[in-house]
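S.K.: So here's data23.cif (mmCIF, C-alpha atoms).
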```cif
data_target
#
loop_
_atom_site.label_atom_id
_atom_site.label_comp_id
_atom_site.auth_asym_id
_atom_site.auth_seq_id
_atom_site.Cartn_x
_atom_site.Cartn_y
_atom_site.Cartn_z
CA ASP N 1 139.82 21.57 139.60
CA VAL N 2 136.11 21.41 140.13
CA LYS N 3 134.58 24.73 139.47
CA VAL N 4 131.16 25.85 140.63
CA THR N 5 130.27 29.38 139.63
CA GLN N 6 127.31 31.54 140.62
CA SER N 7 126.04 34.37 138.48
CA SER N 8 126.36 37.16 141.04
CA ARG N 9 128.25 37.69 144.29
CA TYR N 10 125.90 40.45 145.45
CA LEU N 11 122.34 41.19 144.40
CA VAL N 12 119.84 43.79 145.56
CA LYS N 13 116.17 43.38 144.62
CA ARG N 14 112.86 44.88 145.61
CA THR N 15 109.95 43.14 147.30
CA GLY N 16 107.75 41.38 144.77
CA GLU N 17 110.39 41.08 142.05
CA LYS N 18 111.10 37.74 140.39
CA VAL N 19 114.70 36.78 141.06
CA PHE N 20 116.89 34.26 139.24
CA LEU N 21 120.05 32.85 140.77
CA GLU N 22 122.18 30.83 138.38
CA CYS N 23 124.71 28.13 139.16
CA VAL N 24 127.01 26.34 136.72
CA GLN N 25 129.43 23.47 137.36
CA ASP N 26 132.01 22.16 134.94
CA MET N 27 132.75 18.68 136.30
CA ASP N 28 129.83 16.73 134.85
CA HIS N 29 128.29 16.17 138.31
CA GLU N 30 124.84 14.62 138.41
CA ASN N 31 123.72 16.17 141.71
CA MET N 32 123.22 19.87 142.33
CA PHE N 33 121.98 21.64 145.46
CA TRP N 34 120.76 25.03 146.61
CA TYR N 35 121.21 26.11 150.23
CA ARG N 36 120.59 29.28 152.13
CA GLN N 37 122.84 30.30 154.98
CA ASP N 38 121.70 32.51 157.85
CA PRO N 39 123.47 33.42 161.09
CA GLY N 40 122.67 30.94 163.84
CA LEU N 41 120.80 28.61 161.48
CA GLY N 42 123.68 27.16 159.47
CA LEU N 43 123.00 25.80 156.00
CA ARG N 44 119.48 24.80 155.09
CA LEU N 45 118.70 22.84 151.95
CA ILE N 46 116.15 24.48 149.67
CA TYR N 47 116.07 22.14 146.67
CA PHE N 48 118.26 19.58 145.01
CA SER N 49 118.39 17.84 141.65
CA TYR N 50 119.87 14.46 140.77
CA ASP N 51 119.28 14.64 137.03
CA VAL N 52 118.22 16.96 134.26
CA LYS N 53 114.61 18.08 134.72
CA MET N 54 114.44 16.29 138.08
CA LYS N 55 114.07 18.14 141.37
CA GLU N 56 113.39 17.33 144.99
CA LYS N 57 112.31 19.60 147.82
CA GLY N 58 114.68 20.16 150.65
CA ASP N 59 113.90 21.44 154.12
CA ILE N 60 112.67 24.93 153.18
CA PRO N 61 111.26 24.99 149.63
CA GLU N 62 108.44 27.46 150.30
CA GLY N 63 108.72 30.59 148.19
CA TYR N 64 111.30 29.04 145.85
CA SER N 65 111.34 27.00 142.68
CA VAL N 66 114.18 25.53 140.61
CA SER N 67 114.99 24.65 137.05
CA ARG N 68 117.48 22.20 135.61
CA GLU N 69 117.31 22.16 131.84
CA LYS N 70 120.95 21.18 131.33
CA LYS N 71 123.19 18.98 133.43
CA GLU N 72 125.66 21.73 134.24
CA ARG N 73 123.18 24.44 135.18
CA PHE N 74 120.82 24.69 138.17
CA SER N 75 118.72 27.81 138.68
CA LEU N 76 116.98 28.99 141.82
CA ILE N 77 113.93 31.18 141.32
CA LEU N 78 112.26 33.43 143.84
CA GLU N 79 108.82 33.92 142.32
CA SER N 80 108.03 37.04 144.36
CA ALA N 81 110.91 38.12 146.54
CA SER N 82 110.21 39.03 150.15
CA THR N 83 112.41 40.63 152.80
CA ASN N 84 112.66 37.34 154.72
CA GLN N 85 114.49 35.89 151.73
CA THR N 86 117.42 38.20 152.33
CA SER N 87 120.23 35.71 152.82
CA MET N 88 123.41 34.12 151.48
CA TYR N 89 122.61 31.52 148.81
CA LEU N 90 125.05 28.71 148.15
CA CYS N 91 125.06 26.28 145.25
CA ALA N 92 126.87 22.92 145.37
CA SER N 93 127.37 19.87 143.17
CA SER N 94 128.47 16.27 143.69
CA LEU N 95 128.97 12.95 141.95
CA GLN N 96 126.51 10.09 142.11
CA ARG N 97 129.00 7.33 141.41
CA ARG N 98 129.36 5.43 144.70
CA THR N 99 132.66 3.84 143.74
CA SER N 100 134.31 7.23 143.36
CA ILE N 101 136.55 8.52 146.13
CA LEU N 102 134.71 11.81 145.70
CA TYR N 103 131.29 10.25 146.40
CA ASN N 104 129.22 12.41 148.80
CA GLU N 105 131.77 15.22 148.68
CA GLN N 106 130.06 18.47 147.73
CA PHE N 107 131.77 21.30 145.87
CA PHE N 108 130.49 24.78 146.56
CA GLY N 109 130.25 28.00 144.63
CA PRO N 110 131.31 31.34 146.19
CA GLY N 111 127.76 32.26 147.18
CA THR N 112 125.34 35.05 146.28
CA ARG N 113 124.45 37.54 148.97
CA LEU N 114 120.89 38.62 148.20
CA THR N 115 119.28 41.64 149.80
CA VAL N 116 115.55 42.20 149.31
CA LEU N 117 114.40 45.71 150.12
CA GLY K 1 117.86 10.42 158.44
CA ASN K 2 121.29 11.19 159.82
CA SER K 3 122.03 14.23 161.95
CA VAL K 4 125.00 16.13 163.33
CA THR K 5 125.61 18.34 166.34
CA GLN K 6 128.61 20.60 166.71
CA MET K 7 129.65 23.09 169.34
CA GLU K 8 128.54 26.59 168.56
CA GLY K 9 130.76 29.59 168.89
CA PRO K 10 132.20 31.93 168.61
CA VAL K 11 135.38 30.30 169.80
CA THR K 12 138.14 32.82 170.46
CA LEU K 13 141.75 31.69 170.87
CA SER K 14 145.17 33.23 170.86
CA GLU K 15 147.65 32.40 168.11
CA GLU K 16 149.51 29.10 168.69
CA ALA K 17 146.80 27.76 171.02
CA PHE K 18 145.44 24.22 170.72
CA LEU K 19 142.08 23.91 169.01
CA THR K 20 139.27 21.39 169.44
CA ILE K 21 135.87 21.77 167.84
CA ASN K 22 133.47 19.03 168.89
CA CYS K 23 131.22 17.19 166.47
CA THR K 24 128.94 14.25 167.23
CA TYR K 25 126.61 12.49 164.86
CA THR K 26 123.70 10.09 164.66
CA ALA K 27 123.73 7.81 161.65
CA THR K 28 122.65 4.53 160.19
CA GLY K 29 125.70 2.49 159.28
CA TYR K 30 129.10 4.09 158.86
CA PRO K 31 128.85 6.98 156.43
CA SER K 32 131.68 9.26 155.37
CA LEU K 33 132.27 12.28 157.62
CA PHE K 34 133.40 15.73 156.53
CA TRP K 35 134.72 19.02 157.85
CA TYR K 36 134.17 22.07 155.66
CA VAL K 37 135.62 25.54 156.19
CA GLN K 38 134.22 28.90 155.10
CA TYR K 39 136.57 31.87 155.01
CA PRO K 40 135.04 35.37 155.16
CA GLY K 41 133.08 36.24 152.02
CA GLU K 42 133.56 32.83 150.40
CA GLY K 43 131.70 29.58 149.84
CA LEU K 44 132.42 26.38 151.73
CA GLN K 45 135.43 24.27 150.86
CA LEU K 46 136.32 20.79 152.01
CA LEU K 47 138.90 20.78 154.78
CA LEU K 48 139.16 17.04 155.41
CA LYS K 49 137.16 13.84 155.39
CA ALA K 50 137.17 10.26 156.66
CA THR K 51 135.41 7.45 154.85
CA LYS K 52 135.41 4.66 157.45
CA ALA K 53 135.68 4.05 161.16
CA ASP K 54 139.09 4.79 162.77
CA ASP K 55 140.21 6.73 159.70
CA LYS K 56 142.00 10.00 160.36
CA GLY K 57 141.48 12.86 157.95
CA SER K 58 144.10 15.60 157.86
CA ASN K 59 144.85 18.79 155.96
CA LYS K 60 146.63 22.10 156.66
CA GLY K 61 147.58 20.92 160.17
CA PHE K 62 143.99 20.02 161.07
CA GLU K 63 143.03 16.47 162.00
CA ALA K 64 139.86 14.57 162.82
CA THR K 65 139.42 10.89 163.67
CA TYR K 66 136.29 8.91 162.86
CA ARG K 67 135.28 7.38 166.21
CA LYS K 68 132.36 5.00 165.91
CA GLU K 69 132.37 4.12 169.63
CA THR K 70 131.62 7.70 170.61
CA THR K 71 129.99 8.70 167.28
CA SER K 72 132.33 11.67 167.12
CA PHE K 73 134.52 13.44 164.58
CA HIS K 74 136.19 16.23 166.56
CA LEU K 75 138.38 18.71 164.68
CA GLU K 76 141.81 19.47 166.20
CA LYS K 77 144.83 21.58 165.43
CA GLY K 78 147.93 21.81 167.57
CA SER K 79 148.83 25.45 166.93
CA VAL K 80 146.33 27.81 165.31
CA GLN K 81 147.17 30.85 163.23
CA VAL K 82 145.31 34.08 162.57
CA SER K 83 144.66 32.80 159.04
CA ASP K 84 142.58 29.93 160.51
CA SER K 85 139.87 32.39 161.48
CA ALA K 86 136.78 31.10 159.67
CA VAL K 87 133.54 29.18 160.17
CA TYR K 88 133.87 25.39 160.40
CA PHE K 89 131.08 22.94 159.54
CA CYS K 90 130.83 19.25 160.36
CA ALA K 91 128.76 17.23 157.84
CA LEU K 92 127.65 13.73 156.88
CA PRO K 93 125.31 12.22 154.27
CA LEU K 94 121.60 12.69 154.79
CA GLY K 95 120.93 8.96 154.73
CA GLY K 96 117.55 7.36 154.25
CA GLY K 97 115.94 8.48 151.01
CA GLY K 98 117.85 11.76 150.88
CA ALA K 99 119.71 10.84 147.74
CA ASP K 100 123.28 12.07 147.96
CA GLY K 101 122.81 15.20 150.02
CA LEU K 102 124.72 16.20 153.17
CA THR K 103 123.43 17.43 156.48
CA PHE K 104 125.53 20.13 158.13
CA GLY K 105 126.05 21.28 161.69
CA LYS K 106 125.23 24.92 162.40
CA GLY K 107 128.85 25.95 162.13
CA THR K 108 131.47 27.10 164.62
CA HIS K 109 132.90 30.58 164.17
CA LEU K 110 136.60 30.51 165.09
CA ILE K 111 138.41 33.75 165.87
CA ILE K 112 142.18 33.71 166.32
CA GLN K 113 143.75 36.75 167.94
CA PRO K 114 147.41 37.67 167.37
#
```
Is it possible to express this structure as structure tokens?
M.R.:
Amino acid sequence: DVKVTQSSRYLVKRTGEKVFLECVQDMDHENMFWYRQDPGLGLRLIYFSYDVKMKEKGDIPEGYSVSREKKERFSLILESASTNQTSMYLCASSLQRRTSILYNEQFFGPGTRLTVL
Amino acid sequence: GNSVTQMEGPVTLSEEAFLTINCTYTATGYPSLFWYVQYPGEGLQLLLKATKADDKGSNKGFEATYRKETTSFHLEKGSVQVSDSAVYFCALPLGGGGADGLTFGKGTHLIIQP
């Protein structure tokens, strides 16, 4: 079974703190994604990565950065947390191989509910 | 890029009722289509998918047919259970230069009452 794990299920931080959210997948997937989920807005893509040390901005990258030093690990960084970053954060991974039956299918972690006070 | 529109909820039904959640899309070509489900407090998990036109995806009693004529992928279930209460997302590949990402609908919150 594909497994995507996230470092914390719940996190409480203070305004201005630097926050690290970690995601690890064990299926050798090339692509990894960070989303945030808010009521009424659905899932919005923050950043994604298609290879080690590569990253691409999604729809809402402002206030975030990412790091991918190893293929299995993708970190989301809030440089200076603000209250409007209180949200559910979801990590996902997928294969790049177009001949695979699993192509385009994304596998999600359980999510991290972040509260910024 | 591609886009998806799904009916927004909440949708409240009684147990054993028939369910339809509408999903329509705009896409270049004929990409794969997906339904994901999110149970309370959890991440998203794949419910079903269809990889080409006229395909029917099915899982756990849910079905959806890839209709290219109407650009739709409606989710149906003949008899819902309380345990089906969750948020359902329709999704398809971003398309264009969006690498291998997916674009999601805003989600439909389904509530099943005993």
S.K.: With a distance cut-off of 6 Å and only C-alpha atoms, select the neighbouring residues of Ser58 of chain K, excluding the residue or stretch itself and same-chain residues fewer than 2 positions from it, and output the selection as a PyMOL selection string.
M.R.: chain K and resi 48+62-63
S.K.: Between chain K and chain N, at 8 Å or less, what are the per-residue closest atom pairs and their distances in Å? Count only C-alpha atoms, order by chain and rising residue number, and return it as a Markdown table.
M.R.:
```
| residue | atom | partner | partner_atom | distance |
| --- | --- | --- | --- | --- |
| K:Ser32 | CA | N:Asn104 | CA | 7.7 |
| K:Gly41 | CA | N:Pro110 | CA | 7.8 |
| K:Glu42 | CA | N:Pro110 | CA | 5.0 |
| K:Gly43 | CA | N:Pro110 | CA | 4.1 |
| K:Leu44 | CA | N:Phe108 | CA | 5.7 |
| K:Gln45 | CA | N:Phe108 | CA | 6.6 |
| K:Leu46 | CA | N:Phe107 | CA | 7.7 |
| K:Pro93 | CA | N:Asn104 | CA | 6.7 |
| K:Ala99 | CA | N:Tyr50 | CA | 7.9 |
| K:Asp100 | CA | N:Asn104 | CA | 6.0 |
| K:Gly101 | CA | N:Asn104 | CA | 7.1 |
| K:Leu102 | CA | N:Asn104 | CA | 7.3 |
| K:Phe104 | CA | N:Leu43 | CA | 6.6 |
| K:Gly105 | CA | N:Gly42 | CA | 6.7 |
| K:Lys106 | CA | N:Gly42 | CA | 4.0 |
| K:Gly107 | CA | N:Gly42 | CA | 5.9 |
```
S.K.: For atom CA of Leu13 of chain K and atom CA of Leu75 of chain K, determine how far apart the two atoms are, in Å to one decimal place.
M.R.: 14.8 Å
S.K.: Please identify all polymer residues within 7 Å of Gln113 of chain K, counting all atoms listed in the file, omitting same-chain residues fewer than 4 positions from it, and present them as an mmCIF file with C-alpha atoms, in the frame of the given file.
M.R.:
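Output file out.cif follows:
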```cif
data_model
loop_
_atom_site.group_PDB
_atom_site.id
_atom_site.type_symbol
_atom_site.label_atom_id
_atom_site.label_comp_id
_atom_site.auth_asym_id
_atom_site.auth_seq_id
_atom_site.Cartn_x
_atom_site.Cartn_y
_atom_site.Cartn_z
ATOM 1 C CA LEU K 13 141.750 31.690 170.870
ATOM 2 C CA SER K 14 145.170 33.230 170.860
ATOM 3 C CA GLU K 15 147.650 32.400 168.110
ATOM 4 C CA VAL K 82 145.310 34.080 162.570
#
```
S.K.: Draw an axis-aligned box over all listed atoms of segment 67-82 of chain K, pad each side with 6 Å, and write its centre and edge lengths in Å, one decimal, as lines of an AutoDock Vina configuration file.
M.R.:
```
center_x = 139.4
center_y = 19.1
center_z = 166.6
size_x = 30.8
size_y = 42.0
size_z = 20.0
```
S.K.: Residues within 9 Å of Leu117 of chain N, please, as a PyMOL selection string. Count all atoms listed in the file; anything in the same chain fewer than 5 positions from it doesn't count.
M.R.: chain N and resi 12-15+82-83+86
S.K.: Could those residues be written to a file, using C-alpha atoms, as a JSON list (two decimals), in the frame of the given file?
M.R.:
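Okay, selection-v4.json is ready:
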```json
[["chain", "number", "residue", "atom", "x", "y", "z"],
["N", 12, "VAL", "CA", 119.84, 43.79, 145.56],
["N", 13, "LYS", "CA", 116.17, 43.38, 144.62],
["N", 14, "ARG", "CA", 112.86, 44.88, 145.61],
["N", 15, "THR", "CA", 109.95, 43.14, 147.30],
["N", 82, "SER", "CA", 110.21, 39.03, 150.15],
["N", 83, "THR", "CA", 112.41, 40.63, 152.80],
["N", 86, "THR", "CA", 117.42, 38.20, 152.33]]
```
S.K.: Residues near Gln81 of chain K, anyone? I mean within 12 Å using only C-alpha atoms, not counting same-chain ones fewer than 4 positions away, as a list of chain:residue names.
M.R.: K:Thr12, K:Leu13, K:Ser14, K:Glu15, K:Glu16, K:Ala17, K:Phe18, K:Leu19, K:Lys60, K:Gly61, K:Phe62, K:Lys77, K:Ser85, K:Ala86, K:Leu110, K:Ile111, K:Ile112, K:Gln113, K:Pro114
S.K.: Quick check, in Å to one decimal: how far apart do atom CA of Ser65 of chain N and atom CA of Ile77 of chain N lie?
M.R.: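 Interatomic distance, atom CA of Ser65 of chain N to atom CA of Ile77 of chain N: 5.1 Å.
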S.K.: Do you have the atom CA of Glu69 of chain N-atom CA of Ile46 of chain N distance handy?
M.R.: 18.0 Å
S.K.: Selected by the PyMOL selection byres ((chain K and resi 73) around 8) in the shown coordinates: which residues, as a VMD selection string?
M.R.: chain K and resid 22 to 25 33 64 to 67 71 to 72 74 to 75
S.K.: Restore N, CA and C atoms in segment 57-88 of chain N and list the result as a short mmCIF file (atom, residue, chain, number, x, y, z; two decimals), keeping the file's coordinate frame.
M.R.:
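Output (part_33.cif):
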```cif
data_model
loop_
_atom_site.label_atom_id
_atom_site.label_comp_id
_atom_site.auth_asym_id
_atom_site.auth_seq_id
_atom_site.Cartn_x
_atom_site.Cartn_y
_atom_site.Cartn_z
N LYS N 57 112.36 18.57 146.79
CA LYS N 57 112.31 19.60 147.82
C LYS N 57 113.26 19.26 148.95
N GLY N 58 113.86 20.31 149.47
CA GLY N 58 114.68 20.16 150.65
C GLY N 58 113.88 20.51 151.89
N ASP N 59 114.55 21.13 152.85
CA ASP N 59 113.90 21.44 154.12
C ASP N 59 113.03 22.69 154.07
N ILE N 60 113.38 23.63 153.19
CA ILE N 60 112.67 24.93 153.18
C ILE N 60 112.35 25.37 151.76
N PRO N 61 111.52 24.64 151.02
CA PRO N 61 111.26 24.99 149.63
C PRO N 61 110.24 26.11 149.42
N GLU N 62 109.53 26.49 150.46
CA GLU N 62 108.44 27.46 150.30
C GLU N 62 108.97 28.80 149.80
N GLY N 63 108.33 29.30 148.76
CA GLY N 63 108.72 30.59 148.19
C GLY N 63 109.79 30.50 147.12
N TYR N 64 110.24 29.26 146.84
CA TYR N 64 111.30 29.04 145.85
C TYR N 64 110.85 28.01 144.82
N SER N 65 111.45 28.07 143.65
CA SER N 65 111.34 27.00 142.68
C SER N 65 112.71 26.85 142.02
N VAL N 66 112.89 25.77 141.26
CA VAL N 66 114.18 25.53 140.61
C VAL N 66 113.95 25.05 139.19
N SER N 67 115.04 25.13 138.43
CA SER N 67 114.99 24.65 137.05
C SER N 67 116.32 24.02 136.71
N ARG N 68 116.26 22.84 136.09
CA ARG N 68 117.48 22.20 135.61
C ARG N 68 117.22 21.67 134.21
N GLU N 69 117.51 22.50 133.24
CA GLU N 69 117.31 22.16 131.84
C GLU N 69 118.53 21.50 131.22
N LYS N 70 119.70 21.80 131.78
CA LYS N 70 120.95 21.18 131.33
C LYS N 70 121.70 20.65 132.54
N LYS N 71 122.51 19.64 132.32
CA LYS N 71 123.19 18.98 133.43
C LYS N 71 124.06 19.94 134.22
N GLU N 72 124.70 20.88 133.55
CA GLU N 72 125.66 21.73 134.24
C GLU N 72 125.05 22.95 134.92
N ARG N 73 123.78 23.18 134.72
CA ARG N 73 123.18 24.44 135.18
C ARG N 73 121.96 24.16 136.06
N PHE N 74 121.92 24.87 137.21
CA PHE N 74 120.82 24.69 138.17
C PHE N 74 120.42 26.08 138.64
N SER N 75 119.18 26.45 138.37
CA SER N 75 118.72 27.81 138.68
C SER N 75 117.77 27.79 139.85
N LEU N 76 117.90 28.78 140.71
CA LEU N 76 116.98 28.99 141.82
C LEU N 76 116.15 30.22 141.51
N ILE N 77 114.84 30.10 141.68
CA ILE N 77 113.93 31.18 141.32
C ILE N 77 113.12 31.59 142.54
N LEU N 78 113.14 32.87 142.82
CA LEU N 78 112.26 33.43 143.84
C LEU N 78 111.11 34.08 143.09
N GLU N 79 109.95 33.47 143.15
CA GLU N 79 108.82 33.92 142.32
C GLU N 79 108.39 35.35 142.64
N SER N 80 108.40 35.69 143.92
CA SER N 80 108.03 37.04 144.36
C SER N 80 108.83 37.32 145.62
N ALA N 81 109.96 37.97 145.44
CA ALA N 81 110.91 38.12 146.54
C ALA N 81 110.29 38.85 147.73
N SER N 82 110.66 38.37 148.91
CA SER N 82 110.21 39.03 150.15
C SER N 82 111.43 39.31 151.02
N THR N 83 111.26 40.21 151.98
CA THR N 83 112.41 40.63 152.80
C THR N 83 112.98 39.46 153.60
N ASN N 84 112.13 38.48 153.95
CA ASN N 84 112.66 37.34 154.72
C ASN N 84 113.46 36.36 153.86
N GLN N 85 113.63 36.68 152.59
CA GLN N 85 114.49 35.89 151.73
C GLN N 85 115.87 36.54 151.56
N THR N 86 116.08 37.62 152.27
CA THR N 86 117.42 38.20 152.33
C THR N 86 118.34 37.20 153.01
N SER N 87 119.40 36.80 152.32
CA SER N 87 120.23 35.71 152.82
C SER N 87 121.44 35.52 151.92
N MET N 88 122.34 34.61 152.34
CA MET N 88 123.41 34.12 151.48
C MET N 88 122.93 32.81 150.85
#
```
